[in-house]
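Engineer: Structure file run-v9.cif, mmCIF, C-alpha atoms, is pasted below:
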data_protein
#
loop_
_atom_site.label_atom_id
_atom_site.label_comp_id
_atom_site.auth_asym_id
_atom_site.auth_seq_id
_atom_site.Cartn_x
_atom_site.Cartn_y
_atom_site.Cartn_z
CA MET A 1 -102.18 62.98 -5.32
CA ASN A 2 -98.62 62.38 -4.12
CA ASN A 3 -95.48 62.64 -6.23
CA VAL A 4 -95.29 58.94 -7.10
CA GLU A 5 -98.90 58.92 -8.30
CA ARG A 6 -98.24 62.10 -10.28
CA LEU A 7 -95.15 60.53 -11.85
CA PHE A 8 -97.20 57.64 -13.19
CA ARG A 9 -99.91 59.96 -14.46
CA ASP A 10 -97.39 62.10 -16.32
CA HIS A 11 -94.95 59.32 -17.34
CA PRO A 12 -96.88 56.06 -17.89
CA SER A 13 -94.12 54.27 -19.79
CA ALA A 14 -91.85 52.12 -17.62
CA VAL A 15 -88.68 53.83 -18.85
CA ASP A 16 -89.98 57.35 -18.20
CA PHE A 17 -91.40 56.35 -14.83
CA ALA A 18 -88.08 54.81 -13.79
CA ASP A 19 -86.25 58.00 -14.78
CA GLY A 20 -88.74 60.17 -12.89
CA TYR A 21 -88.73 57.96 -9.80
CA LEU A 22 -84.95 57.94 -9.54
CA SER A 23 -84.81 61.70 -10.09
CA TYR A 24 -87.40 62.19 -7.36
CA LEU A 25 -85.40 59.98 -4.98
CA ALA A 26 -82.42 62.29 -5.47
CA GLN A 27 -84.61 65.21 -4.38
CA VAL A 28 -85.82 63.28 -1.32
CA PHE A 29 -82.26 62.35 -0.31
CA ALA A 30 -81.16 65.97 -0.67
CA ARG A 31 -83.70 67.07 1.97
CA ILE A 32 -82.52 64.67 4.70
CA ASP A 33 -80.82 66.48 7.60
CA ARG A 34 -77.17 65.40 7.56
CA ASP A 35 -76.67 66.50 11.17
CA ALA A 36 -79.46 64.15 12.26
CA VAL A 37 -77.77 61.29 10.38
CA ALA A 38 -74.47 62.12 12.12
CA SER A 39 -76.23 62.15 15.50
CA PHE A 40 -77.67 58.70 14.76
CA ILE A 41 -74.19 57.42 13.91
CA ASP A 42 -72.79 58.94 17.13
CA VAL A 43 -75.44 57.14 19.18
CA LEU A 44 -74.54 53.80 17.61
CA GLU A 45 -70.84 54.41 18.22
CA ARG A 46 -71.48 55.21 21.89
CA ALA A 47 -73.63 52.12 22.25
CA ARG A 48 -70.79 49.93 20.99
CA THR A 49 -68.24 51.65 23.24
CA ASP A 50 -70.50 51.42 26.30
CA GLY A 51 -71.66 47.86 25.65
CA ALA A 52 -75.27 49.01 25.34
CA THR A 53 -77.86 47.12 23.31
CA VAL A 54 -79.51 48.69 20.26
CA PHE A 55 -83.09 47.58 19.57
CA PHE A 56 -84.76 48.10 16.17
CA CYS A 57 -88.48 47.86 15.44
CA GLY A 58 -90.90 48.59 12.60
CA ASN A 59 -93.82 47.17 10.64
CA GLY A 60 -94.01 45.75 7.13
CA GLY A 61 -91.21 47.09 4.97
CA SER A 62 -89.85 48.86 8.03
CA ALA A 63 -89.67 45.49 9.81
CA ALA A 64 -87.47 44.25 6.99
CA THR A 65 -85.29 47.35 7.40
CA ALA A 66 -85.02 46.67 11.14
CA SER A 67 -83.80 43.15 10.34
CA HIS A 68 -81.35 44.51 7.79
CA PHE A 69 -79.90 46.96 10.33
CA GLN A 70 -79.32 44.10 12.76
CA ASN A 71 -77.69 42.01 10.04
CA ASP A 72 -75.31 44.79 9.02
CA LEU A 73 -74.40 46.09 12.47
CA THR A 74 -73.64 42.71 14.02
CA ARG A 75 -71.27 41.49 11.28
CA TRP A 76 -68.24 43.44 12.49
CA ARG A 77 -65.57 40.82 13.15
CA THR A 78 -64.02 42.21 16.35
CA ASP A 79 -65.85 43.77 19.28
CA PRO A 80 -69.26 43.53 17.58
CA MET A 81 -72.25 45.57 18.63
CA LYS A 82 -75.16 44.15 20.59
CA VAL A 83 -78.13 44.60 18.27
CA VAL A 84 -81.63 43.11 18.49
CA SER A 85 -84.38 43.35 15.88
CA LEU A 86 -87.72 43.05 17.69
CA THR A 87 -89.36 42.04 14.41
CA ASP A 88 -87.66 38.68 13.95
CA ASN A 89 -89.19 36.21 16.42
CA VAL A 90 -92.43 35.16 14.76
CA ALA A 91 -93.53 32.96 17.68
CA VAL A 92 -93.12 35.76 20.21
CA ILE A 93 -94.72 38.41 17.97
CA THR A 94 -97.76 36.28 17.18
CA ALA A 95 -98.17 35.20 20.82
CA LEU A 96 -98.05 38.79 22.08
CA GLY A 97 -100.28 40.03 19.27
CA ASN A 98 -102.82 37.28 19.87
CA ASP A 99 -102.87 37.54 23.66
CA TYR A 100 -102.34 41.25 24.28
CA GLY A 101 -102.93 43.04 20.97
CA TYR A 102 -100.69 44.06 18.08
CA ASP A 103 -100.01 47.43 19.66
CA ARG A 104 -98.05 45.67 22.44
CA ILE A 105 -95.73 43.44 20.37
CA PHE A 106 -92.64 45.64 20.77
CA VAL A 107 -93.07 47.21 24.18
CA MET A 108 -93.65 43.82 25.83
CA GLN A 109 -90.40 42.53 24.35
CA LEU A 110 -88.59 45.60 25.67
CA GLU A 111 -89.98 45.42 29.19
CA PRO A 112 -87.66 42.62 30.44
CA LEU A 113 -84.69 43.57 28.24
CA LEU A 114 -84.29 47.34 27.99
CA ALA A 115 -81.84 49.02 30.36
CA GLU A 116 -81.05 52.66 30.97
CA GLY A 117 -78.50 53.74 28.37
CA ASP A 118 -79.65 51.28 25.72
CA VAL A 119 -80.92 52.56 22.36
CA VAL A 120 -84.30 52.02 20.69
CA VAL A 121 -84.64 52.81 16.98
CA ALA A 122 -88.20 52.95 15.65
CA ILE A 123 -88.69 52.89 11.88
CA SER A 124 -92.00 54.11 10.50
CA ALA A 125 -92.93 56.02 7.34
CA SER A 126 -95.92 57.68 9.03
CA GLY A 127 -94.33 57.90 12.47
CA ASN A 128 -97.71 57.02 13.95
CA SER A 129 -97.86 53.22 14.19
CA PRO A 130 -99.16 52.57 17.73
CA ASN A 131 -96.74 49.72 18.47
CA VAL A 132 -93.61 51.75 17.64
CA VAL A 133 -95.00 54.80 19.45
CA GLN A 134 -95.56 52.68 22.57
CA ALA A 135 -92.05 51.28 22.29
CA ILE A 136 -90.56 54.79 22.19
CA GLU A 137 -92.73 56.06 25.03
CA PHE A 138 -91.56 53.15 27.18
CA ALA A 139 -87.94 53.66 26.15
CA ASN A 140 -88.12 57.31 27.16
CA GLN A 141 -89.47 56.28 30.55
CA ARG A 142 -86.64 53.77 30.93
CA LYS A 143 -84.11 56.54 30.05
CA ALA A 144 -82.91 54.83 26.90
CA THR A 145 -81.79 56.87 23.90
CA THR A 146 -84.56 57.00 21.30
CA VAL A 147 -84.18 57.38 17.54
CA GLY A 148 -86.95 57.72 14.98
CA LEU A 149 -86.53 57.08 11.27
CA THR A 150 -89.64 58.53 9.67
CA GLY A 151 -91.20 59.94 6.51
CA PHE A 152 -94.25 62.02 5.59
CA ASP A 153 -94.59 64.71 8.31
CA GLY A 154 -92.72 62.71 10.98
CA GLY A 155 -95.81 61.89 13.04
CA ARG A 156 -95.63 61.14 16.76
CA LEU A 157 -92.16 59.64 16.53
CA GLY A 158 -90.82 62.96 15.36
CA GLU A 159 -92.14 64.53 18.56
CA LEU A 160 -91.11 61.75 20.94
CA CYS A 161 -87.63 60.73 19.80
CA GLU A 162 -84.43 62.32 21.03
CA ILE A 163 -82.94 61.95 17.54
CA HIS A 164 -85.20 62.25 14.51
CA VAL A 165 -83.94 61.29 11.04
CA HIS A 166 -86.78 62.49 8.85
CA VAL A 167 -87.33 61.75 5.16
CA PRO A 168 -89.54 64.68 4.05
CA SER A 169 -92.18 63.35 1.68
CA ALA A 170 -95.85 63.48 0.81
CA ARG A 171 -98.22 61.21 2.70
CA GLY A 172 -98.50 57.79 1.11
CA GLU A 173 -95.05 57.79 -0.50
CA TYR A 174 -93.97 54.58 1.21
CA GLY A 175 -91.59 53.52 -1.55
CA PRO A 176 -89.32 56.59 -1.48
CA VAL A 177 -89.34 56.71 2.34
CA GLU A 178 -88.43 53.03 2.72
CA ASP A 179 -85.82 53.40 -0.03
CA ALA A 180 -84.24 56.24 1.94
CA HIS A 181 -84.29 54.25 5.18
CA MET A 182 -82.43 51.40 3.49
CA VAL A 183 -79.87 53.83 2.10
CA LEU A 184 -79.43 55.14 5.66
CA ASP A 185 -78.75 51.58 6.79
CA HIS A 186 -75.95 51.17 4.27
CA LEU A 187 -74.64 54.70 4.83
CA VAL A 188 -74.40 54.14 8.59
CA MET A 189 -72.95 50.64 8.25
CA SER A 190 -70.38 51.73 5.66
CA TYR A 191 -69.21 54.66 7.76
CA LEU A 192 -68.90 52.64 10.95
CA TRP A 193 -67.12 49.74 9.28
CA GLU A 194 -64.62 52.11 7.66
CA LYS A 195 -64.03 53.99 10.91
CA TRP A 196 -63.61 50.85 12.99
CA ALA A 197 -61.31 49.31 10.39
CA HIS A 198 -59.05 52.39 10.49
CA GLU A 199 -59.11 52.40 14.29
CA GLY A 200 -57.97 48.78 14.23
CA GLN A 201 -55.11 49.63 11.91
CA SER A 202 -53.98 52.49 14.14
CA ASP A 203 -54.02 50.16 17.16
CA ALA A 204 -51.84 47.57 15.41
#
If you took the structure in this file and wrote it as structure tokens, what would it be?
Structural biologist:
Amino acid sequence: MNNVERLFRDHPSAVDFADGYLSYLAQVFARIDRDAVASFIDVLERARTDGATVFFCGNGGSAATASHFQNDLTRWRTDPMKVVSLTDNVAVITALGNDYGYDRIFVMQLEPLLAEGDVVVAISASGNSPNVVQAIEFANQRKATTVGLTGFDGGRLGELCEIHVHVPSARGEYGPVEDAHMVLDHLVMSYLWEKWAHEGQSDA
């Protein structure tokens, strides 16, 4: 039984469950390595400076988070980043999945696009989804910078990625992990927007 299941068992009313869930999220957030978050931010800053492309990928809720990262990181008004969410072209994803297998939907998009020095960010609660693992393995071969946003015990992504932002949690706690990944999106975006805005003021 994970913590979310235990919360419902012990606090079946909606009000008590909401209080317990939010309190548990605070505990989860407190365990995230701040240095790993800072390293992730540094990678994104370097990518913008160097003109590198940042690719995001994930499945399910993590696919939505990948799309959200692209939305937030490409909205900077001047000198925007080059960001691609590999989850957003339904025609390409379904064609690759149908013809070559779902495990290949991300790596086959990366093969013609990924250059040395680019960045690949894989988002996965378990860290073990075969399609994101293949994407990171390929990115490592191509000498791209690899970042894993994971939960549970970190899985294979935790072992493969150069930078690992881990949300420590019990297996099966998808909600808290995906909540934390979305908070990371807004944390990263807010920091970068503030920093770039102040840099623009100092250049004026």
Engineer: Check which residues of stretch 122-177 of chain A sit at most 10 Å from stretch 53-59 of chain A using only C-alpha atoms, and return one row each with the closest pair of atoms and their distance in Å to one decimal, ordered by chain and rising number, as a tab-separated table.
Structural biologist:
residue	atom	partner	partner_atom	distance
A:Ala122	CA	A:Cys57	CA	5.1
A:Ile123	CA	A:Gly58	CA	4.9
A:Ser124	CA	A:Gly58	CA	6.0
A:Ala125	CA	A:Gly58	CA	9.3
A:Gly127	CA	A:Gly58	CA	9.9
A:Ser129	CA	A:Asn59	CA	8.1
A:Asn131	CA	A:Gly58	CA	8.4
A:Val132	CA	A:Gly58	CA	6.5
A:Ala135	CA	A:Cys57	CA	8.4
A:Ile136	CA	A:Cys57	CA	9.9
A:Ala144	CA	A:Val54	CA	9.7
A:Thr145	CA	A:Val54	CA	9.2
A:Thr146	CA	A:Phe55	CA	9.7
A:Val147	CA	A:Phe56	CA	9.4
A:Gly148	CA	A:Phe56	CA	9.9
A:Leu149	CA	A:Gly58	CA	9.6
Engineer: Could you tell me which of A:Ala115, A:Asp19, A:Val183, A:Asp35 comes closest to A:Gly51 if we count only C-alpha atoms?
Structural biologist: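 The shortest atom-to-atom distance to A:Gly51 comes from A:Ala115.
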Engineer: Which residues, protein or nucleic acid, reach to within 8 Å of (-86.1, 60.6, -0.8) in the file's coordinates when using all atoms listed in the file, and can you give that as a short mmCIF file (atom, residue, chain, number, x, y, z; two decimals) with C-alpha atoms, in the coordinates of the input?
Structural biologist:
data_model
loop_
_atom_site.label_atom_id
_atom_site.label_comp_id
_atom_site.auth_asym_id
_atom_site.auth_seq_id
_atom_site.Cartn_x
_atom_site.Cartn_y
_atom_site.Cartn_z
CA TYR A 24 -87.40 62.19 -7.36
CA LEU A 25 -85.40 59.98 -4.98
CA ALA A 26 -82.42 62.29 -5.47
CA GLN A 27 -84.61 65.21 -4.38
CA VAL A 28 -85.82 63.28 -1.32
CA PHE A 29 -82.26 62.35 -0.31
CA ALA A 30 -81.16 65.97 -0.67
CA ARG A 31 -83.70 67.07 1.97
CA ILE A 32 -82.52 64.67 4.70
CA VAL A 167 -87.33 61.75 5.16
CA PRO A 168 -89.54 64.68 4.05
CA SER A 169 -92.18 63.35 1.68
CA PRO A 176 -89.32 56.59 -1.48
CA VAL A 177 -89.34 56.71 2.34
CA ASP A 179 -85.82 53.40 -0.03
CA ALA A 180 -84.24 56.24 1.94
#
Engineer: Given the file shown, enumerate the residues that the PyMOL selection byres ((chain A and resi 173) around 10) captures and present them as number ranges by chain.
Structural biologist: A: 2-5, 125-126, 151-152, 168-172, 174-178
Engineer: To one decimal in Å, tell me the separation between atom CA of A:Tyr102 and atom CA of A:Asn128.
Structural biologist: 13.9 Å
Engineer: Quote the spacing between atom CA of A:Gly117 and atom CA of A:Ala47 in Å to one decimal place.
Structural biologist: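 Atom CA of A:Ala47 lies 8.0 Å from atom CA of A:Gly117.
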Engineer: Could you name the residues that touch A:Lys143 at 12 Å or less, counting only C-alpha atoms, but leaving out those on the same chain fewer than 4 positions away, as a PyMOL selection string?
Structural biologist: chain A and resi 114-120+136-139+161-162
Engineer: Would you work out the distance separating atom CA of A:Gly158 from atom CA of A:Met1, expressed in Å to one decimal?
Structural biologist: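 Atom CA of A:Met1 lies at a distance of 23.6 Å from atom CA of A:Gly158.
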Engineer: Could you make a table, as CSV, of the residues of stretch 6-76 of chain A that have an atom within 12 Å of an atom of stretch 82-87 of chain A, each with its nearest atom pair and distance in Å to one decimal, counting all atoms listed in the file, in chain and number order?
Structural biologist:
residue,atom,partner,partner_atom,distance
A:Leu44,CA,A:Val83,CA,9.9
A:Glu45,CA,A:Lys82,CA,11.4
A:Arg46,CA,A:Lys82,CA,11.7
A:Ala47,CA,A:Lys82,CA,8.3
A:Arg48,CA,A:Lys82,CA,7.3
A:Thr49,CA,A:Lys82,CA,10.5
A:Asp50,CA,A:Lys82,CA,10.4
A:Gly51,CA,A:Lys82,CA,7.2
A:Ala52,CA,A:Lys82,CA,6.8
A:Thr53,CA,A:Lys82,CA,4.8
A:Val54,CA,A:Val83,CA,4.8
A:Phe55,CA,A:Val84,CA,4.8
A:Phe56,CA,A:Ser85,CA,4.8
A:Cys57,CA,A:Leu86,CA,5.4
A:Gly58,CA,A:Thr87,CA,7.0
A:Asn59,CA,A:Thr87,CA,7.8
A:Gly60,CA,A:Thr87,CA,9.4
A:Gly61,CA,A:Thr87,CA,10.9
A:Ser62,CA,A:Thr87,CA,9.4
A:Ala63,CA,A:Thr87,CA,5.8
A:Ala64,CA,A:Thr87,CA,8.0
A:Thr65,CA,A:Ser85,CA,9.4
A:Ala66,CA,A:Ser85,CA,5.8
A:Ser67,CA,A:Ser85,CA,5.6
A:His68,CA,A:Ser85,CA,8.7
A:Phe69,CA,A:Ser85,CA,8.0
A:Gln70,CA,A:Val83,CA,5.7
A:Asn71,CA,A:Val83,CA,8.6
A:Asp72,CA,A:Val83,CA,9.7
A:Leu73,CA,A:Val83,CA,7.1
A:Thr74,CA,A:Val83,CA,6.5
A:Arg75,CA,A:Val83,CA,10.3
A:Trp76,CA,A:Lys82,CA,10.7
Engineer: Using all atoms listed in the file - which residues lie no farther than 12 Å from the point (-67.2, 51.1, 10.6) in the file's frame? Write them as a PDB file with C-alpha atoms, in the frame of the given file.
Structural biologist:
ATOM      1  CA  ILE A  41     -74.190  57.420  13.910  1.00  0.00           C
ATOM      2  CA  ASP A  42     -72.790  58.940  17.130  1.00  0.00           C
ATOM      3  CA  LEU A  44     -74.540  53.800  17.610  1.00  0.00           C
ATOM      4  CA  GLU A  45     -70.840  54.410  18.220  1.00  0.00           C
ATOM      5  CA  ARG A  48     -70.790  49.930  20.990  1.00  0.00           C
ATOM      6  CA  ASP A  72     -75.310  44.790   9.020  1.00  0.00           C
ATOM      7  CA  LEU A  73     -74.400  46.090  12.470  1.00  0.00           C
ATOM      8  CA  THR A  74     -73.640  42.710  14.020  1.00  0.00           C
ATOM      9  CA  ARG A  75     -71.270  41.490  11.280  1.00  0.00           C
ATOM     10  CA  TRP A  76     -68.240  43.440  12.490  1.00  0.00           C
ATOM     11  CA  ARG A  77     -65.570  40.820  13.150  1.00  0.00           C
ATOM     12  CA  THR A  78     -64.020  42.210  16.350  1.00  0.00           C
ATOM     13  CA  ASP A  79     -65.850  43.770  19.280  1.00  0.00           C
ATOM     14  CA  PRO A  80     -69.260  43.530  17.580  1.00  0.00           C
ATOM     15  CA  MET A  81     -72.250  45.570  18.630  1.00  0.00           C
ATOM     16  CA  HIS A 186     -75.950  51.170   4.270  1.00  0.00           C
ATOM     17  CA  LEU A 187     -74.640  54.700   4.830  1.00  0.00           C
ATOM     18  CA  VAL A 188     -74.400  54.140   8.590  1.00  0.00           C
ATOM     19  CA  MET A 189     -72.950  50.640   8.250  1.00  0.00           C
ATOM     20  CA  SER A 190     -70.380  51.730   5.660  1.00  0.00           C
ATOM     21  CA  TYR A 191     -69.210  54.660   7.760  1.00  0.00           C
ATOM     22  CA  LEU A 192     -68.900  52.640  10.950  1.00  0.00           C
ATOM     23  CA  TRP A 193     -67.120  49.740   9.280  1.00  0.00           C
ATOM     24  CA  GLU A 194     -64.620  52.110   7.660  1.00  0.00           C
ATOM     25  CA  LYS A 195     -64.030  53.990  10.910  1.00  0.00           C
ATOM     26  CA  TRP A 196     -63.610  50.850  12.990  1.00  0.00           C
ATOM     27  CA  ALA A 197     -61.310  49.310  10.390  1.00  0.00           C
ATOM     28  CA  HIS A 198     -59.050  52.390  10.490  1.00  0.00           C
ATOM     29  CA  GLU A 199     -59.110  52.400  14.290  1.00  0.00           C
ATOM     30  CA  GLY A 200     -57.970  48.780  14.230  1.00  0.00           C
TER      31      GLY A 200
END
Engineer: Of the residues A:Asn89, A:Pro130, A:Leu113, A:Gly154, which is the one nearest to A:Gly101, using only C-alpha atoms?
Structural biologist: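 Of A:Asn89, A:Pro130, A:Leu113, A:Gly154, the one nearest A:Gly101, counting only C-alpha atoms, is A:Pro130.
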Engineer: Closest to A:Glu111 among A:Arg156, A:Arg142, A:Val133, A:Gly97, using all atoms listed in the file?
Structural biologist: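 The closest residue to A:Glu111 is A:Arg142.
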Engineer: Between A:Leu7, A:Ala91, A:Ile163, A:Leu110, which has the minimum distance to A:Ala36 (counting all atoms listed in the file)?
Structural biologist: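 So, comparing all the options, the nearest one is A:Ile163.
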Engineer: Take stretch 126-185 of chain A from the preceding structure and save C-alpha atoms as a PDB file, in the first residue's frame.
Structural biologist:
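Printed below is decode.pdb as written:
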ATOM      1  CA  SER A 126       8.832   4.882 -13.096  1.00  0.00           C
ATOM      2  CA  GLY A 127      11.914   5.781 -15.120  1.00  0.00           C
ATOM      3  CA  ASN A 128      11.491   2.505 -16.988  1.00  0.00           C
ATOM      4  CA  SER A 129       9.227   3.217 -19.974  1.00  0.00           C
ATOM      5  CA  PRO A 130      11.025   1.541 -22.911  1.00  0.00           C
ATOM      6  CA  ASN A 131      10.448   4.415 -25.355  1.00  0.00           C
ATOM      7  CA  VAL A 132      11.994   7.063 -23.084  1.00  0.00           C
ATOM      8  CA  VAL A 133      14.840   4.722 -22.125  1.00  0.00           C
ATOM      9  CA  GLN A 134      15.617   4.161 -25.814  1.00  0.00           C
ATOM     10  CA  ALA A 135      15.520   7.899 -26.435  1.00  0.00           C
ATOM     11  CA  ILE A 136      18.068   8.523 -23.667  1.00  0.00           C
ATOM     12  CA  GLU A 137      20.313   5.673 -24.767  1.00  0.00           C
ATOM     13  CA  PHE A 138      20.373   7.125 -28.283  1.00  0.00           C
ATOM     14  CA  ALA A 139      20.962  10.644 -26.973  1.00  0.00           C
ATOM     15  CA  ASN A 140      23.941   9.438 -24.950  1.00  0.00           C
ATOM     16  CA  GLN A 141      25.377   7.826 -28.067  1.00  0.00           C
ATOM     17  CA  ARG A 142      24.859  11.067 -29.996  1.00  0.00           C
ATOM     18  CA  LYS A 143      26.678  12.989 -27.181  1.00  0.00           C
ATOM     19  CA  ALA A 144      23.653  15.061 -26.266  1.00  0.00           C
ATOM     20  CA  THR A 145      23.066  16.148 -22.677  1.00  0.00           C
ATOM     21  CA  THR A 146      20.490  13.893 -21.031  1.00  0.00           C
ATOM     22  CA  VAL A 147      18.105  14.789 -18.207  1.00  0.00           C
ATOM     23  CA  GLY A 148      15.687  12.474 -16.434  1.00  0.00           C
ATOM     24  CA  LEU A 149      12.705  13.647 -14.402  1.00  0.00           C
ATOM     25  CA  THR A 150      11.593  10.586 -12.468  1.00  0.00           C
ATOM     26  CA  GLY A 151       9.751   9.285  -9.418  1.00  0.00           C
ATOM     27  CA  PHE A 152       9.528   6.020  -7.472  1.00  0.00           C
ATOM     28  CA  ASP A 153      13.098   4.619  -7.312  1.00  0.00           C
ATOM     29  CA  GLY A 154      14.308   6.438 -10.452  1.00  0.00           C
ATOM     30  CA  GLY A 155      14.419   3.327 -12.642  1.00  0.00           C
ATOM     31  CA  ARG A 156      16.693   3.066 -15.673  1.00  0.00           C
ATOM     32  CA  LEU A 157      16.555   6.780 -16.399  1.00  0.00           C
ATOM     33  CA  GLY A 158      18.172   7.474 -13.062  1.00  0.00           C
ATOM     34  CA  GLU A 159      21.111   5.307 -14.128  1.00  0.00           C
ATOM     35  CA  LEU A 160      21.376   6.564 -17.707  1.00  0.00           C
ATOM     36  CA  CYS A 161      20.883  10.316 -17.463  1.00  0.00           C
ATOM     37  CA  GLU A 162      23.674  12.809 -16.899  1.00  0.00           C
ATOM     38  CA  ILE A 163      21.322  14.896 -14.741  1.00  0.00           C
ATOM     39  CA  HIS A 164      18.678  13.165 -12.645  1.00  0.00           C
ATOM     40  CA  VAL A 165      15.916  15.169 -10.954  1.00  0.00           C
ATOM     41  CA  HIS A 166      14.277  12.527  -8.793  1.00  0.00           C
ATOM     42  CA  VAL A 167      10.984  12.788  -6.914  1.00  0.00           C
ATOM     43  CA  PRO A 168      11.401  10.166  -4.152  1.00  0.00           C
ATOM     44  CA  SER A 169       8.106   8.336  -3.731  1.00  0.00           C
ATOM     45  CA  ALA A 170       6.536   4.937  -3.301  1.00  0.00           C
ATOM     46  CA  ARG A 171       5.813   2.884  -6.403  1.00  0.00           C
ATOM     47  CA  GLY A 172       2.434   3.691  -7.900  1.00  0.00           C
ATOM     48  CA  GLU A 173       2.230   7.263  -6.590  1.00  0.00           C
ATOM     49  CA  TYR A 174       1.751   8.765 -10.034  1.00  0.00           C
ATOM     50  CA  GLY A 175      -0.244  11.753  -8.821  1.00  0.00           C
ATOM     51  CA  PRO A 176       2.368  13.195  -6.438  1.00  0.00           C
ATOM     52  CA  VAL A 177       5.205  12.517  -8.903  1.00  0.00           C
ATOM     53  CA  GLU A 178       3.426  14.187 -11.822  1.00  0.00           C
ATOM     54  CA  ASP A 179       2.391  17.055  -9.536  1.00  0.00           C
ATOM     55  CA  ALA A 180       6.052  17.577  -8.645  1.00  0.00           C
ATOM     56  CA  HIS A 181       7.133  17.458 -12.287  1.00  0.00           C
ATOM     57  CA  MET A 182       4.637  20.195 -13.146  1.00  0.00           C
ATOM     58  CA  VAL A 183       5.871  22.298 -10.237  1.00  0.00           C
ATOM     59  CA  LEU A 184       9.399  21.823 -11.620  1.00  0.00           C
ATOM     60  CA  ASP A 185       8.179  23.130 -14.968  1.00  0.00           C
TER      61      ASP A 185
END
